[in-house]
Amino acid sequence: MRVAPISGQRLFPRAYEEGADDFDAGSGLRYHRFMPTELSLFDKAAAAAARIRALSPHTPRIGVILGSGLGGFGSQVEDATVIPCADIPHFPQSTVEGHSGNLILGTVSRVPVAVMQGRVHAYEGYPLDAVTFPARVLGLLGCRTLIVTNAAGGINTSYKPGSLVVLSDHINFTGTNAALGPNEPRFGLGPNAGLRFFDMSTAYTPALRAIAHAEAAKLAIPLEDGVYLAVLGPSFETPAEIRAFRTLGADLVGMSTVHEVIVARHMGLDVLGISLVTNFAAGITAAPLNHLEVMEEGRLAETRFTALLKAILPEI
Ligand code: HPA
C-alpha cells in the first residue's frame, strides 16, 4: 500500500523503513510502503541481546540499573566492555542529565554483571516498552537477578537526604502497567514465568533484601527498609500528594523502577531495589525541590553506595 510522500522527516518507525523504501521514478518522490516488517518486542530484545553478545565476551549473571546520580558505580566494573546505548539496536536513549546511557559488561567483585548507566523514563515521553526494554534485554542476556536503584524523595520522616533504603515493596501510582498489551510468553525465563497474570506478592526477593541488610551491617552502613511509591512525573509532588501517599503506606516517592520491576517479575527474575533518598519529599521542609540536589546527593553517597553494592554482589 502506498502512503504519503515524505520530504526528509521520518514518518514511521525505522522498522517500517528498513528495506521498505520505494523510489518513484515518475514523480521523483520517495515513498514508504506499509510492510509488515515491524518486529515484535521480543524479536527487538533478542536482536539487542545478540548485538551485545557480539560486542562483549561476558555473560552477565546479575543486571544492575543505576538511577539518577548513581551512574558512578559503572567505573567499578573490571575488564569492562562499555557499549553506548546508541550502538545497540532498538535501545532507547535518555534525555535526562545524569543518565549517561551506557551498558557496561564486565565483573564487579568477580561477579559477571551488566550495568545500565542511566535509564529512560515514562515522563520523557517514552512508551513503557522502551522504559523496560533494557530490563528485558538484561534478562535475555542471562541475568537471573536484577538490581534496580533510584533517587527518591523521603516521605518517611525518619529518612534524611543521603539515607539508603532497601525496597520492601512498591505502590505503582503511575496509572499504567508495563505488562499491558498482549502477553509474550517467550519472555518467561524461569519456571512459572511469562504468564498473563503473575504474582507480585514478593516483588522484591526476601532473600536478596536479607543479604543487603547483612552486608550493610558488616560495613556499618545504615540501611533502611521502605515502600516505594512511583508517580509518573516529571513534576515533583505537591505537599498534599505527599501527605496522601504517606497515608497510603509509602516511605519513598520516585518516578521510575516499578515498571522495570514488573517486567522483571514477569520474566521470573529475582529483584533487589535500593533507593537513595536525595531530598525530603515536598512539604516536609519549606525548601523547593530541584533536580540539582538529586544529582548532588548521588555524588555524596557514591562511596557508601558503591561499597554496599560491591559487598552484596558476590553474596547473591
Ligand atoms: N519526588 C519524585 N521523584 C524524586 C524525588 C521526589 O521528591 N526525589 C528524587 N526523585
# chains A, B, ... in the order shown; residues from 1 in each chain; ligands from 1
call {"tool": "residues_near_ligand", "arguments": {"ligand": "ligand 1", "cutoff": "8 Å", "atoms": "only C-alpha atoms and all ligand atoms", "output": "PyMOL selection string"}}
result
chain A and resi 68+150-154+230-231+233-237+253-255+277-282+289+291+294
call {"tool": "write_last_selection", "arguments": {"atoms": "N, CA and C atoms", "output": "PDB file, in the first residue's frame"}}
result
ATOM      1  N   SER A  68      19.388   8.070  38.929  1.00  0.00           N
ATOM      2  CA  SER A  68      19.906   9.440  38.830  1.00  0.00           C
ATOM      3  C   SER A  68      21.031   9.678  39.824  1.00  0.00           C
ATOM      4  N   ASN A 150      17.608   3.814  42.464  1.00  0.00           N
ATOM      5  CA  ASN A 150      16.999   5.079  42.070  1.00  0.00           C
ATOM      6  C   ASN A 150      17.263   6.159  43.110  1.00  0.00           C
ATOM      7  N   ALA A 151      16.993   7.385  42.682  1.00  0.00           N
ATOM      8  CA  ALA A 151      16.950   8.515  43.604  1.00  0.00           C
ATOM      9  C   ALA A 151      15.487   8.705  43.967  1.00  0.00           C
ATOM     10  N   ALA A 152      15.230   9.009  45.224  1.00  0.00           N
ATOM     11  CA  ALA A 152      13.836   9.142  45.646  1.00  0.00           C
ATOM     12  C   ALA A 152      13.706  10.235  46.695  1.00  0.00           C
ATOM     13  N   GLY A 153      12.500  10.741  46.821  1.00  0.00           N
ATOM     14  CA  GLY A 153      12.196  11.681  47.898  1.00  0.00           C
ATOM     15  C   GLY A 153      11.769  10.893  49.125  1.00  0.00           C
ATOM     16  N   GLY A 154      12.192  11.333  50.278  1.00  0.00           N
ATOM     17  CA  GLY A 154      11.844  10.643  51.522  1.00  0.00           C
ATOM     18  C   GLY A 154      10.515  11.145  52.065  1.00  0.00           C
ATOM     19  N   ALA A 230       5.623   5.012  43.114  1.00  0.00           N
ATOM     20  CA  ALA A 230       6.041   5.608  41.836  1.00  0.00           C
ATOM     21  C   ALA A 230       4.950   6.503  41.281  1.00  0.00           C
ATOM     22  N   VAL A 231       5.337   7.711  40.915  1.00  0.00           N
ATOM     23  CA  VAL A 231       4.459   8.625  40.180  1.00  0.00           C
ATOM     24  C   VAL A 231       5.003   8.740  38.759  1.00  0.00           C
ATOM     25  N   GLY A 233       5.519  11.687  37.110  1.00  0.00           N
ATOM     26  CA  GLY A 233       6.403  12.835  36.926  1.00  0.00           C
ATOM     27  C   GLY A 233       6.050  13.539  35.628  1.00  0.00           C
ATOM     28  N   PRO A 234       6.821  14.518  35.187  1.00  0.00           N
ATOM     29  CA  PRO A 234       8.093  14.986  35.741  1.00  0.00           C
ATOM     30  C   PRO A 234       7.934  16.031  36.842  1.00  0.00           C
ATOM     31  N   SER A 235       6.713  16.541  37.075  1.00  0.00           N
ATOM     32  CA  SER A 235       6.582  17.491  38.187  1.00  0.00           C
ATOM     33  C   SER A 235       6.837  16.741  39.484  1.00  0.00           C
ATOM     34  N   PHE A 236       7.526  17.387  40.401  1.00  0.00           N
ATOM     35  CA  PHE A 236       7.595  16.844  41.747  1.00  0.00           C
ATOM     36  C   PHE A 236       6.181  16.919  42.340  1.00  0.00           C
ATOM     37  N   GLU A 237       6.006  16.308  43.498  1.00  0.00           N
ATOM     38  CA  GLU A 237       4.675  16.193  44.083  1.00  0.00           C
ATOM     39  C   GLU A 237       4.303  17.471  44.821  1.00  0.00           C
ATOM     40  N   VAL A 253       9.167   8.314  47.444  1.00  0.00           N
ATOM     41  CA  VAL A 253       8.470   8.596  46.191  1.00  0.00           C
ATOM     42  C   VAL A 253       9.496   8.844  45.087  1.00  0.00           C
ATOM     43  N   GLY A 254       9.196   8.317  43.901  1.00  0.00           N
ATOM     44  CA  GLY A 254      10.100   8.495  42.769  1.00  0.00           C
ATOM     45  C   GLY A 254       9.357   8.303  41.459  1.00  0.00           C
ATOM     46  N   MET A 255      10.111   8.425  40.370  1.00  0.00           N
ATOM     47  CA  MET A 255       9.490   8.427  39.039  1.00  0.00           C
ATOM     48  C   MET A 255       9.987   7.264  38.171  1.00  0.00           C
ATOM     49  N   VAL A 277      17.807   8.299  49.175  1.00  0.00           N
ATOM     50  CA  VAL A 277      16.965   9.462  49.477  1.00  0.00           C
ATOM     51  C   VAL A 277      17.783  10.717  49.167  1.00  0.00           C
ATOM     52  N   THR A 278      17.318  11.498  48.212  1.00  0.00           N
ATOM     53  CA  THR A 278      18.085  12.686  47.811  1.00  0.00           C
ATOM     54  C   THR A 278      17.495  13.964  48.399  1.00  0.00           C
ATOM     55  N   ASN A 279      16.288  13.877  48.925  1.00  0.00           N
ATOM     56  CA  ASN A 279      15.624  15.080  49.453  1.00  0.00           C
ATOM     57  C   ASN A 279      14.439  14.653  50.315  1.00  0.00           C
ATOM     58  N   PHE A 280      14.058  15.537  51.230  1.00  0.00           N
ATOM     59  CA  PHE A 280      12.780  15.355  51.919  1.00  0.00           C
ATOM     60  C   PHE A 280      11.688  15.565  50.869  1.00  0.00           C
ATOM     61  N   ALA A 281      10.664  14.730  50.885  1.00  0.00           N
ATOM     62  CA  ALA A 281       9.572  14.895  49.914  1.00  0.00           C
ATOM     63  C   ALA A 281       8.875  16.236  50.155  1.00  0.00           C
ATOM     64  N   ALA A 282       8.131  16.658  49.150  1.00  0.00           N
ATOM     65  CA  ALA A 282       7.541  18.011  49.143  1.00  0.00           C
ATOM     66  C   ALA A 282       6.749  18.282  50.415  1.00  0.00           C
ATOM     67  N   LEU A 289      11.906  21.795  45.721  1.00  0.00           N
ATOM     68  CA  LEU A 289      12.699  20.656  45.236  1.00  0.00           C
ATOM     69  C   LEU A 289      13.333  20.988  43.899  1.00  0.00           C
ATOM     70  N   HIS A 291      16.234  19.269  40.667  1.00  0.00           N
ATOM     71  CA  HIS A 291      16.979  18.102  40.169  1.00  0.00           C
ATOM     72  C   HIS A 291      18.461  18.184  40.556  1.00  0.00           C
ATOM     73  N   VAL A 294      19.201  16.399  43.665  1.00  0.00           N
ATOM     74  CA  VAL A 294      19.135  14.949  43.427  1.00  0.00           C
ATOM     75  C   VAL A 294      20.504  14.461  42.952  1.00  0.00           C
TER      76      VAL A 294
END
call {"tool": "select_by_dssp", "arguments": {"residues": "stretch 32-117 of chain A", "states": "strand (DSSP E)", "output": "PyMOL selection string"}}
result
chain A and resi 32+62-66+78-84+102-108+111-117
call {"tool": "residues_around", "arguments": {"residues": "stretch 165-180 of chain A", "least_positions_apart": "2", "cutoff": "6 Å", "atoms": "only C-alpha atoms", "output": "VMD selection string"}}
result
chain A and resid 128 223 to 232 259 273 to 275
call {"tool": "residues_around", "arguments": {"residues": "A:Lys310", "least_positions_apart": "3", "cutoff": "9 Å", "atoms": "only C-alpha atoms", "output": "PDB file with C-alpha atoms, in the first residue's frame"}}
result
ATOM      1  CA  GLN A  76      33.747  -0.155  39.318  1.00  0.00           C
ATOM      2  CA  VAL A 108      32.428  -6.493  39.937  1.00  0.00           C
ATOM      3  CA  SER A 109      33.805  -8.407  42.929  1.00  0.00           C
ATOM      4  CA  PHE A 305      26.505   3.067  47.682  1.00  0.00           C
ATOM      5  CA  THR A 306      29.435   1.543  45.785  1.00  0.00           C
ATOM      6  CA  ALA A 307      30.832  -0.251  48.850  1.00  0.00           C
ATOM      7  CA  LEU A 313      27.037  -8.898  44.531  1.00  0.00           C
ATOM      8  CA  PRO A 314      29.211 -11.900  45.493  1.00  0.00           C
TER       9      PRO A 314
END
call {"tool": "atom_distance", "arguments": {"atom1": "atom CA of A:Leu105", "atom2": "atom CA of A:His121"}}
result
22.1 Å
call {"tool": "closest_residue", "arguments": {"among": "A:Val82, A:Ala250, A:Tyr123, A:His90", "to": "A:Leu39", "atoms": "only C-alpha atoms"}}
result
A:His90
call {"tool": "select_by_dssp", "arguments": {"residues": "stretch 122-270 of chain A", "states": "alpha helix (DSSP H)", "output": "PyMOL selection string"}}
result
chain A and resi 128-131+133-141+206-219+239-248+258-267
call {"tool": "closest_residue", "arguments": {"among": "A:Pro161, A:Gly268, A:Pro206, A:Gly142", "to": "A:Leu189", "atoms": "only C-alpha atoms"}}
result
A:Gly268
call {"tool": "residues_around", "arguments": {"residues": "A:Pro185", "least_positions_apart": "5", "cutoff": "10 Å", "atoms": "only C-alpha atoms", "output": "PyMOL selection string"}}
result
chain A and resi 42+193-196+266-267
call {"tool": "residues_around", "arguments": {"residues": "A:Ala214", "least_positions_apart": "3", "cutoff": "12 Å", "atoms": "only C-alpha atoms", "output": "list in words"}}
result
Val166, Ala207, Leu208, Arg209, Ala210, Ile211, Ala217, Lys218, Leu219, Ala220, Ile221, Pro222, Leu223, Glu224, Leu308, Ala311, Ile312, Glu315 and Ile316 of chain A
call {"tool": "atom_distance", "arguments": {"atom1": "atom CA of A:Leu66", "atom2": "atom CA of A:Arg119"}}
result
7.3 Å
call {"tool": "residues_around", "arguments": {"residues": "A:Val271", "least_positions_apart": "2", "cutoff": "9 Å", "atoms": "only C-alpha atoms", "output": "PyMOL selection string"}}
result
chain A and resi 144-148+203-205+208+261+264-265+269+273
call {"tool": "write_last_selection", "arguments": {"atoms": "C-alpha atoms", "output": "short mmCIF file (atom, residue, chain, number, x, y, z; two decimals), in the first residue's frame"}}
result
data_model
loop_
_atom_site.label_atom_id
_atom_site.label_comp_id
_atom_site.auth_asym_id
_atom_site.auth_seq_id
_atom_site.Cartn_x
_atom_site.Cartn_y
_atom_site.Cartn_z
CA ARG A 144 18.57 -14.01 36.66
CA THR A 145 18.76 -11.20 39.20
CA LEU A 146 18.01 -7.54 38.59
CA ILE A 147 19.21 -4.83 40.95
CA VAL A 148 17.30 -1.59 40.41
CA ALA A 203 8.15 -8.49 44.07
CA TYR A 204 11.35 -7.68 45.96
CA THR A 205 13.01 -11.01 46.71
CA LEU A 208 18.11 -10.51 48.49
CA VAL A 261 10.36 -4.47 38.43
CA ALA A 264 11.48 -8.45 35.70
CA ARG A 265 8.88 -10.34 37.72
CA LEU A 269 13.87 -12.65 37.70
CA GLY A 273 15.67 -2.46 44.86
#
call {"tool": "closest_residue", "arguments": {"among": "A:Leu138, A:Leu70, A:Ile62, A:Val131", "to": "A:Leu103", "atoms": "only C-alpha atoms"}}
result
A:Leu138
call {"tool": "closest_residue", "arguments": {"among": "A:Ile284, A:Cys143, A:Met295, A:Met116", "to": "A:Arg243", "atoms": "only C-alpha atoms"}}
result
A:Ile284
